[in-house]
$ cat structure_3.cif   # mmCIF, C-alpha atoms and all ligand atoms
data_work
loop_
_atom_site.label_atom_id
_atom_site.label_comp_id
_atom_site.auth_asym_id
_atom_site.auth_seq_id
_atom_site.Cartn_x
_atom_site.Cartn_y
_atom_site.Cartn_z
CA MET A 1 -10.78 -14.66 2.19
CA ILE A 2 -8.84 -17.94 2.20
CA ASN A 3 -8.83 -20.16 5.26
CA GLN A 4 -5.98 -18.32 6.92
CA THR A 5 -4.53 -18.21 10.37
CA GLY A 6 -2.10 -15.28 9.97
CA LYS A 7 -3.29 -11.73 9.35
CA PHE A 8 -2.50 -9.36 6.50
CA ILE A 9 -1.91 -5.71 7.42
CA VAL A 10 -1.14 -3.09 4.78
CA ILE A 11 0.26 0.45 4.88
CA GLU A 12 -0.93 2.75 2.10
CA GLY A 13 -0.45 6.38 1.14
CA LEU A 14 0.83 8.79 -1.46
CA GLU A 15 4.58 9.30 -1.85
CA GLY A 16 6.18 11.05 1.08
CA ALA A 17 3.31 10.10 3.40
CA GLY A 18 5.81 8.38 5.71
CA LYS A 19 5.15 4.72 4.93
CA SER A 20 8.74 3.65 5.62
CA SER A 21 8.81 4.70 9.26
CA ALA A 22 5.18 3.60 9.78
CA ILE A 23 6.14 0.12 8.54
CA ALA A 24 9.01 -0.06 11.04
CA LEU A 25 6.65 0.91 13.86
CA VAL A 26 3.87 -1.51 12.84
CA ASN A 27 6.45 -4.27 12.40
CA ASP A 28 7.48 -3.82 16.06
CA LEU A 29 3.89 -3.66 17.31
CA ILE A 30 2.97 -6.88 15.47
CA GLU A 31 6.05 -8.59 16.87
CA GLN A 32 5.12 -7.51 20.41
CA HIS A 33 1.58 -8.88 19.98
CA THR A 34 2.28 -12.12 18.17
CA GLY A 35 5.79 -12.92 19.43
CA GLN A 36 6.97 -13.19 15.81
CA ALA A 37 8.16 -10.62 13.26
CA PRO A 38 5.77 -10.36 10.29
CA VAL A 39 6.73 -11.26 6.73
CA CYS A 40 7.26 -7.88 5.03
CA THR A 41 6.29 -7.31 1.39
CA ARG A 42 6.33 -4.37 -0.98
CA GLU A 43 4.32 -3.71 -4.13
CA PRO A 44 4.91 -3.76 -6.92
CA GLY A 45 7.58 -6.31 -6.09
CA GLY A 46 8.36 -8.77 -3.34
CA THR A 47 9.33 -11.84 -5.42
CA PRO A 48 12.22 -12.08 -7.92
CA LEU A 49 9.83 -11.90 -10.88
CA ALA A 50 7.67 -9.18 -9.32
CA GLU A 51 10.82 -7.10 -8.64
CA LYS A 52 11.64 -7.24 -12.37
CA ILE A 53 8.12 -5.98 -13.09
CA ARG A 54 8.66 -3.21 -10.51
CA ASP A 55 11.63 -1.96 -12.55
CA LEU A 56 9.53 -1.95 -15.73
CA VAL A 57 6.84 0.10 -13.99
CA LYS A 58 9.13 2.59 -12.25
CA ILE A 59 11.77 3.33 -14.88
CA ALA A 60 10.70 5.45 -17.85
CA ASP A 61 11.81 4.40 -21.35
CA ALA A 62 11.26 7.31 -23.74
CA SER A 63 11.61 5.02 -26.77
CA ASP A 64 8.78 2.73 -25.63
CA PRO A 65 6.49 4.60 -23.21
CA LEU A 66 4.39 2.38 -20.96
CA SER A 67 0.67 2.72 -21.69
CA ASP A 68 -1.67 3.21 -18.74
CA GLU A 69 -3.35 -0.13 -19.42
CA ALA A 70 -0.02 -1.97 -19.64
CA GLU A 71 1.05 -0.36 -16.34
CA CYS A 72 -2.13 -1.63 -14.71
CA LEU A 73 -1.76 -5.17 -16.05
CA LEU A 74 1.93 -5.36 -15.08
CA ILE A 75 1.11 -4.31 -11.52
CA TYR A 76 -1.53 -7.05 -11.28
CA ALA A 77 0.89 -9.62 -12.72
CA ALA A 78 3.33 -8.68 -9.94
CA ARG A 79 0.58 -8.78 -7.30
CA THR A 80 -0.69 -12.24 -8.26
CA GLN A 81 2.89 -13.59 -8.09
CA LEU A 82 3.33 -12.09 -4.65
CA ILE A 83 0.00 -13.36 -3.33
CA SER A 84 0.54 -16.88 -4.68
CA ASN A 85 4.18 -17.31 -3.75
CA VAL A 86 4.60 -15.26 -0.58
CA ILE A 87 1.45 -13.85 1.05
CA LYS A 88 -0.92 -16.83 0.99
CA PRO A 89 1.77 -19.39 1.94
CA ALA A 90 2.83 -17.21 4.91
CA LEU A 91 -0.76 -16.70 6.10
CA ALA A 92 -1.45 -20.41 5.77
CA LYS A 93 1.52 -21.10 8.07
CA GLY A 94 0.06 -18.71 10.66
CA GLN A 95 2.54 -15.91 9.93
CA TRP A 96 1.42 -12.30 9.83
CA VAL A 97 2.19 -10.32 6.70
CA LEU A 98 2.91 -6.59 6.62
CA GLY A 99 2.53 -5.02 3.18
CA ASP A 100 3.99 -1.79 1.84
CA ARG A 101 1.01 -1.13 -0.50
CA HIS A 102 -1.49 -3.59 -1.96
CA ASN A 103 -4.67 -3.51 -4.07
CA LEU A 104 -5.89 -0.18 -2.69
CA SER A 105 -2.91 1.46 -4.46
CA SER A 106 -4.20 0.19 -7.82
CA LEU A 107 -7.72 1.41 -7.11
CA ALA A 108 -6.30 4.83 -6.16
CA TYR A 109 -3.49 5.29 -8.75
CA GLN A 110 -4.70 3.33 -11.78
CA GLY A 111 -8.44 3.56 -11.00
CA GLY A 112 -8.65 7.13 -9.69
CA GLY A 113 -5.41 8.67 -10.99
CA ARG A 114 -5.43 7.16 -14.50
CA GLY A 115 -9.23 6.95 -14.83
CA LEU A 116 -9.14 3.17 -15.43
CA MET A 117 -11.54 2.05 -12.68
CA PRO A 118 -13.54 -0.43 -14.83
CA LEU A 119 -10.32 -2.18 -15.92
CA VAL A 120 -8.90 -2.16 -12.38
CA LYS A 121 -12.09 -3.64 -10.92
CA ALA A 122 -12.33 -6.31 -13.63
CA VAL A 123 -8.69 -7.41 -13.24
CA SER A 124 -8.84 -7.16 -9.47
CA ASP A 125 -11.96 -9.35 -9.31
CA ALA A 126 -10.44 -11.87 -11.72
CA CYS A 127 -6.99 -12.07 -10.08
CA LEU A 128 -7.74 -11.57 -6.39
CA ALA A 129 -11.13 -13.30 -6.14
CA GLY A 130 -12.05 -11.44 -2.95
CA PHE A 131 -8.65 -11.77 -1.25
CA THR A 132 -8.26 -8.64 0.86
CA PRO A 133 -6.15 -7.34 3.78
CA ASP A 134 -7.49 -7.72 7.32
CA LEU A 135 -6.51 -4.14 8.10
CA THR A 136 -5.16 -1.19 6.12
CA LEU A 137 -3.61 1.98 7.52
CA TYR A 138 -3.95 4.74 4.95
CA LEU A 139 -1.57 7.64 5.66
CA ASP A 140 -3.39 10.64 4.23
CA ILE A 141 -1.39 13.60 2.97
CA ASP A 142 -1.83 16.56 0.63
CA PRO A 143 0.14 15.48 -2.46
CA LYS A 144 2.02 18.79 -2.59
CA LEU A 145 3.42 18.20 0.88
CA GLY A 146 4.11 14.52 0.15
CA LEU A 147 5.99 15.29 -3.05
CA THR A 148 8.01 17.99 -1.30
CA ARG A 149 9.08 15.39 1.25
CA ALA A 150 9.74 12.77 -1.46
CA LYS A 151 11.84 15.24 -3.49
CA SER A 152 14.05 15.92 -0.49
CA ARG A 153 15.19 12.26 -0.80
CA GLY A 154 16.41 12.66 -4.40
CA GLN A 155 15.25 12.10 -7.99
CA LEU A 156 11.61 11.26 -8.69
CA ASP A 157 10.70 8.05 -10.59
CA ARG A 158 8.33 7.73 -13.59
CA ILE A 159 5.10 7.73 -11.56
CA GLU A 160 6.30 10.39 -9.12
CA GLN A 161 6.76 12.74 -12.10
CA GLN A 162 3.01 12.78 -12.87
CA ALA A 163 1.13 16.10 -12.66
CA ILE A 164 -0.29 17.04 -9.28
CA ASP A 165 -3.90 16.42 -10.52
CA PHE A 166 -3.06 12.73 -10.86
CA PHE A 167 -2.15 12.53 -7.17
CA GLU A 168 -5.19 14.64 -6.17
CA ARG A 169 -7.44 12.12 -7.93
CA ALA A 170 -5.60 9.21 -6.30
CA ARG A 171 -6.02 10.85 -2.88
CA GLN A 172 -9.76 11.43 -3.38
CA THR A 173 -10.16 7.78 -4.39
CA TYR A 174 -8.28 6.60 -1.28
CA LEU A 175 -10.53 8.75 0.92
CA GLN A 176 -13.75 7.62 -0.80
CA LEU A 177 -12.83 3.95 -0.51
CA ALA A 178 -11.80 4.37 3.14
CA GLN A 179 -15.22 5.87 3.92
CA GLN A 180 -16.92 2.74 2.58
CA ASP A 181 -14.71 0.18 4.32
CA ASP A 182 -14.26 -0.26 8.10
CA SER A 183 -11.04 -2.19 7.60
CA ILE A 184 -9.31 0.96 6.26
CA ILE A 185 -8.12 3.40 8.93
CA VAL A 186 -7.24 6.95 7.86
CA ILE A 187 -4.26 8.54 9.64
CA ASP A 188 -3.48 12.26 9.20
CA ALA A 189 0.09 12.03 7.86
CA SER A 190 0.59 15.79 7.58
CA GLN A 191 1.29 15.97 11.33
CA SER A 192 4.73 15.65 12.90
CA LEU A 193 6.27 12.18 12.78
CA GLU A 194 5.72 11.88 16.53
CA LEU A 195 1.96 12.57 16.25
CA VAL A 196 1.59 10.27 13.24
CA HIS A 197 3.22 7.45 15.19
CA GLN A 198 1.10 8.19 18.24
CA ALA A 199 -2.06 7.89 16.07
CA ILE A 200 -0.87 4.62 14.52
CA ARG A 201 0.04 3.17 17.91
CA SER A 202 -3.32 4.05 19.45
CA GLN A 203 -5.26 2.57 16.50
CA LEU A 204 -3.23 -0.63 16.53
CA LEU A 205 -3.26 -1.10 20.29
CA HIS A 206 -7.04 -1.23 19.92
CA ARG A 207 -7.21 -3.33 16.74
CA LEU A 208 -4.34 -5.84 17.08
CA PRO A 209 -5.76 -7.72 20.08
CA LEU A 210 -9.10 -8.07 18.21
CA LEU A 211 -7.34 -9.44 15.14
CA PHE A 212 -5.18 -11.71 17.27
CA ALA A 213 -8.20 -13.07 19.17
CA ASN A 214 -9.88 -13.69 15.82
CA LYS A 215 -7.11 -15.99 14.61
N1 LIG B 1 1.93 2.00 -7.56
C1 LIG B 1 0.84 2.09 -8.39
O1 LIG B 1 0.72 3.01 -9.20
N2 LIG B 1 -0.13 1.12 -8.29
C2 LIG B 1 -0.04 0.09 -7.44
O2 LIG B 1 -0.93 -0.77 -7.40
C3 LIG B 1 1.12 0.03 -6.59
C4 LIG B 1 2.08 1.00 -6.69
C5 LIG B 1 1.25 -1.10 -5.63
C6 LIG B 1 5.89 2.51 -5.84
O3 LIG B 1 6.98 3.28 -5.58
C7 LIG B 1 5.16 3.27 -6.92
O4 LIG B 1 4.23 2.42 -7.58
C8 LIG B 1 4.37 4.38 -6.31
C9 LIG B 1 2.93 4.03 -6.53
C10 LIG B 1 2.97 3.05 -7.65
N3 LIG B 1 4.73 5.52 -7.08
N4 LIG B 1 4.52 6.65 -7.01
N5 LIG B 1 4.53 7.74 -7.22
P1 LIG B 1 7.84 3.27 -4.25
O5 LIG B 1 7.56 2.01 -3.51
O6 LIG B 1 9.24 3.54 -4.63
O7 LIG B 1 7.37 4.58 -3.60
P2 LIG B 1 6.30 4.84 -2.53
O8 LIG B 1 5.54 3.61 -2.18
O9 LIG B 1 5.49 5.96 -2.98
O10 LIG B 1 7.19 5.17 -1.27
P3 LIG B 1 7.85 6.51 -0.86
O11 LIG B 1 7.94 7.57 -1.86
O12 LIG B 1 9.15 6.05 -0.38
O13 LIG B 1 6.86 7.08 0.20
P4 LIG B 1 6.92 6.90 1.75
O14 LIG B 1 7.47 5.55 2.06
O15 LIG B 1 5.61 7.20 2.28
O16 LIG B 1 7.93 8.02 2.17
P5 LIG B 1 8.99 7.96 3.32
O17 LIG B 1 10.33 7.53 2.78
O18 LIG B 1 8.51 7.25 4.50
O19 LIG B 1 9.05 9.51 3.67
C11 LIG B 1 9.55 10.42 2.73
C12 LIG B 1 10.39 11.50 3.44
O20 LIG B 1 9.53 12.28 4.27
C13 LIG B 1 11.49 10.94 4.32
O21 LIG B 1 12.59 11.76 4.19
C14 LIG B 1 10.88 11.03 5.72
O22 LIG B 1 11.85 11.20 6.72
C15 LIG B 1 10.01 12.28 5.60
N6 LIG B 1 8.81 12.21 6.49
C16 LIG B 1 7.99 11.15 6.63
N7 LIG B 1 6.99 11.43 7.51
C17 LIG B 1 7.20 12.71 7.92
C18 LIG B 1 6.52 13.57 8.83
N8 LIG B 1 5.40 13.20 9.48
N9 LIG B 1 7.01 14.81 9.00
C19 LIG B 1 8.12 15.23 8.33
N10 LIG B 1 8.82 14.46 7.46
C20 LIG B 1 8.38 13.21 7.26
#

$ encode --input "structure_3.cif" --output "structure tokens"
Amino acid sequence: MINQTGKFIVIEGLEGAGKSSAIALVNDLIEQHTGQAPVCTREPGGTPLAEKIRDLVKIADASDPLSDEAECLLIYAARTQLISNVIKPALAKGQWVLGDRHNLSSLAYQGGGRGLMPLVKAVSDACLAGFTPDLTLYLDIDPKLGLTRAKSRGQLDRIEQQAIDFFERARQTYLQLAQQDDSIIVIDASQSLELVHQAIRSQLLHRLPLLFANK
């Protein structure tokens, strides 16, 4: 971890887990605790260059299909841009950062889902050098339910069109990694929105003061 004064909180989960409304809630809770709205990021993306990479990753091109390895490397290129140009500078200024996905997504999707864990770990070690969020909320959902919710919003993108097994493997990886890491909190996202938010609020009301005191 760099010598930081702000804190980095990340929301993770499969599609349709409810990250959007969780981010709005956590944003408000951080603002109440710190007196300042966090810097919000999304991955892949969050800088002009990283947003261009996001388009490459999300939009399918039948004439030049993206290989799994290229997908992985593009996502890390976007992440290193975001960390260097947005996340670390904000933390160094004492600002809190709230991320819509971060490295855990790559471990779950590219590592677990695509079966590329050795590549993911090698690139992650090389690019991130131990940089890690202070706290991650993982919204856990059965992929069938998540995709049903995601479909209700409209057309699915390139990754969302993967077979259900891909998402099952990603989910199992999320759960395994959460079991090994106290900084990852698992929230049951299959519940009603009200209960999901209640669970997030109660976890954060306990954890935020500890993080804040630890500044
Ligand atoms: N990706 C990757 O492979 N590797 C990486 O390292 C990273 C990313 C960083 C990013 O796409 C894609 O990149 C993602 C993983 C991959 N692709 N896939 N598949 P994105 O940012 O466009 O998509 P997303 O991150 O998956 O977001 P999402 O689909 O928008 O999911 P969400 O934010 O969790 O969903 P939502 O909009 O909050 O909720 C979906 C709907 O469900 C919505 O209508 C809600 O009102 C409803 N909802 C939410 N919660 C509930 C509850 N509790 N009850 C009932 N209805 C609910």

$ residues_near_ligand --input "structure_3.cif" --ligand "ligand LIG 1 (chain B)" --cutoff "7 Å" --atoms "all atoms listed in the file" --output "PDB file with C-alpha atoms, in the frame of the given file"
ATOM      1  CA  GLY A  13      -0.450   6.380   1.140  1.00  0.00           C
ATOM      2  CA  LEU A  14       0.830   8.790  -1.460  1.00  0.00           C
ATOM      3  CA  GLU A  15       4.580   9.300  -1.850  1.00  0.00           C
ATOM      4  CA  GLY A  16       6.180  11.050   1.080  1.00  0.00           C
ATOM      5  CA  ALA A  17       3.310  10.100   3.400  1.00  0.00           C
ATOM      6  CA  GLY A  18       5.810   8.380   5.710  1.00  0.00           C
ATOM      7  CA  LYS A  19       5.150   4.720   4.930  1.00  0.00           C
ATOM      8  CA  SER A  20       8.740   3.650   5.620  1.00  0.00           C
ATOM      9  CA  SER A  21       8.810   4.700   9.260  1.00  0.00           C
ATOM     10  CA  ARG A  42       6.330  -4.370  -0.980  1.00  0.00           C
ATOM     11  CA  GLU A  43       4.320  -3.710  -4.130  1.00  0.00           C
ATOM     12  CA  PRO A  44       4.910  -3.760  -6.920  1.00  0.00           C
ATOM     13  CA  LYS A  58       9.130   2.590 -12.250  1.00  0.00           C
ATOM     14  CA  ILE A  75       1.110  -4.310 -11.520  1.00  0.00           C
ATOM     15  CA  ASP A 100       3.990  -1.790   1.840  1.00  0.00           C
ATOM     16  CA  ARG A 101       1.010  -1.130  -0.500  1.00  0.00           C
ATOM     17  CA  HIS A 102      -1.490  -3.590  -1.960  1.00  0.00           C
ATOM     18  CA  ASN A 103      -4.670  -3.510  -4.070  1.00  0.00           C
ATOM     19  CA  LEU A 104      -5.890  -0.180  -2.690  1.00  0.00           C
ATOM     20  CA  SER A 105      -2.910   1.460  -4.460  1.00  0.00           C
ATOM     21  CA  SER A 106      -4.200   0.190  -7.820  1.00  0.00           C
ATOM     22  CA  TYR A 109      -3.490   5.290  -8.750  1.00  0.00           C
ATOM     23  CA  GLN A 110      -4.700   3.330 -11.780  1.00  0.00           C
ATOM     24  CA  ARG A 149       9.080  15.390   1.250  1.00  0.00           C
ATOM     25  CA  ALA A 150       9.740  12.770  -1.460  1.00  0.00           C
ATOM     26  CA  SER A 152      14.050  15.920  -0.490  1.00  0.00           C
ATOM     27  CA  ARG A 153      15.190  12.260  -0.800  1.00  0.00           C
ATOM     28  CA  ILE A 159       5.100   7.730 -11.560  1.00  0.00           C
ATOM     29  CA  GLU A 160       6.300  10.390  -9.120  1.00  0.00           C
ATOM     30  CA  ALA A 189       0.090  12.030   7.860  1.00  0.00           C
ATOM     31  CA  SER A 190       0.590  15.790   7.580  1.00  0.00           C
ATOM     32  CA  GLN A 191       1.290  15.970  11.330  1.00  0.00           C
ATOM     33  CA  SER A 192       4.730  15.650  12.900  1.00  0.00           C
ATOM     34  CA  LEU A 193       6.270  12.180  12.780  1.00  0.00           C
ATOM     35  CA  VAL A 196       1.590  10.270  13.240  1.00  0.00           C
TER      36      VAL A 196
END

$ closest_residue --input "structure_3.cif" --among "A:Pro118, A:Pro133, A:Gly111, A:Gly146" --to "A:Trp96" --atoms "all atoms listed in the file"
A:Pro133

$ closest_atom_pairs --input "structure_3.cif" --of "stretch 52-135 of chain A" --to "stretch 172-175 of chain A" --cutoff "8 Å" --atoms "all atoms listed in the file" --output "CSV"
residue,atom,partner,partner_atom,distance
A:Leu104,CA,A:Tyr174,CA,7.3
A:Leu107,CA,A:Thr173,CA,7.3
A:Ala108,CA,A:Thr173,CA,5.2
A:Gly112,CA,A:Thr173,CA,5.5

$ residues_around --input "structure_3.cif" --residues "A:Leu66" --least-positions-apart "6" --cutoff "12 Å" --atoms "only C-alpha atoms" --output "list in words"
Asp55, Leu56, Val57, Lys58, Ile59, Ala60, Cys72, Leu73, Leu74, Arg158 and Ile159 of chain A

$ residues_around --input "structure_3.cif" --residues "A:His33" --least-positions-apart "2" --cutoff "12 Å" --atoms "only C-alpha atoms" --output "count of residues only"
21

$ atom_distance --input "structure_3.cif" --atom1 "atom CA of A:Asn214" --atom2 "atom CA of A:Leu135"
12.7 Å

$ residues_around --input "structure_3.cif" --residues "A:Tyr138" --least-positions-apart "2" --cutoff "7 Å" --atoms "all atoms listed in the file" --output "list in words"
Ile11, Glu12, Gly13, Thr136, Asp140, Ile184, Ile185, Val186 and Ile187 of chain A

$ closest_residue --input "structure_3.cif" --among "A:Lys144, A:Asp61, A:Thr80, A:Asp134" --to "A:Asp182" --atoms "only C-alpha atoms"
A:Asp134

$ residues_around --input "structure_3.cif" --residues "A:Leu91" --least-positions-apart "2" --cutoff "6 Å" --atoms "only C-alpha atoms" --output "list in words"
Gln4, Thr5, Gly6, Lys88, Pro89, Lys93, Gly94 and Gln95 of chain A

$ write_last_selection --input "structure_3.cif" --atoms "C-alpha atoms" --output "compact mmCIF listing (two decimals), in the frame of the given file"
# COMPACT_ATOMS: atom_id res chain seq x y z
CA GLN A 4 -5.98 -18.32 6.92
CA THR A 5 -4.53 -18.21 10.37
CA GLY A 6 -2.10 -15.28 9.97
CA LYS A 88 -0.92 -16.83 0.99
CA PRO A 89 1.77 -19.39 1.94
CA LYS A 93 1.52 -21.10 8.07
CA GLY A 94 0.06 -18.71 10.66
CA GLN A 95 2.54 -15.91 9.93

$ closest_residue --input "structure_3.cif" --among "A:Leu139, A:Leu147, A:Ile164, A:Leu98" --to "A:Ala178" --atoms "all atoms listed in the file"
A:Leu139

$ closest_residue --input "structure_3.cif" --among "A:Glu71, A:Arg171, A:Ala90, A:Leu25" --to "A:Val39" --atoms "only C-alpha atoms"
A:Ala90

$ atom_distance --input "structure_3.cif" --atom1 "atom CA of A:Ile23" --atom2 "atom CA of A:Asp142"
19.9 Å

$ closest_residue --input "structure_3.cif" --among "A:Gly46, A:Ala70, A:Arg114, A:Gln176" --to "A:Ser84" --atoms "all atoms listed in the file"
A:Gly46

$ residues_around --input "structure_3.cif" --residues "A:Gly45" --least-positions-apart "3" --cutoff "8 Å" --atoms "all atoms listed in the file" --output "JSON, numbers by chain"
{"A": [41, 42, 48, 49, 50, 51, 52, 53, 54, 78, 79, 82]}

$ closest_residue --input "structure_3.cif" --among "A:Val86, A:Cys40, A:Ala77, A:Leu145" --to "A:Ala126" --atoms "all atoms listed in the file"
A:Ala77

$ atom_distance --input "structure_3.cif" --atom1 "atom CA of A:Tyr76" --atom2 "atom CA of A:Leu128"
9.1 Å

$ decode --input "structure_3.cif" --residues "stretch 132-154 of chain A" --atoms "C-alpha atoms" --output "short mmCIF file (atom, residue, chain, number, x, y, z; two decimals), in the first residue's frame"
data_model
loop_
_atom_site.label_atom_id
_atom_site.label_comp_id
_atom_site.auth_asym_id
_atom_site.auth_seq_id
_atom_site.Cartn_x
_atom_site.Cartn_y
_atom_site.Cartn_z
CA THR A 132 -5.16 -3.01 -2.95
CA PRO A 133 -8.49 -1.53 -1.76
CA ASP A 134 -8.99 -0.85 1.95
CA LEU A 135 -12.44 -2.41 1.79
CA THR A 136 -14.47 -4.29 -0.82
CA LEU A 137 -18.20 -4.99 -0.74
CA TYR A 138 -18.92 -8.01 -2.90
CA LEU A 139 -22.62 -8.25 -3.83
CA ASP A 140 -23.18 -11.97 -4.25
CA ILE A 141 -25.88 -13.17 -6.62
CA ASP A 142 -26.79 -16.32 -8.55
CA PRO A 143 -25.77 -15.43 -12.12
CA LYS A 144 -29.13 -16.56 -13.51
CA LEU A 145 -30.94 -14.03 -11.35
CA GLY A 146 -28.35 -11.33 -12.05
CA LEU A 147 -28.57 -11.80 -15.81
CA THR A 148 -32.37 -11.75 -15.66
CA ARG A 149 -32.15 -8.38 -13.93
CA ALA A 150 -29.48 -7.13 -16.35
CA LYS A 151 -31.55 -8.22 -19.38
CA SER A 152 -34.51 -6.21 -18.13
CA ARG A 153 -32.36 -3.09 -18.76
CA GLY A 154 -31.78 -3.87 -22.45
#
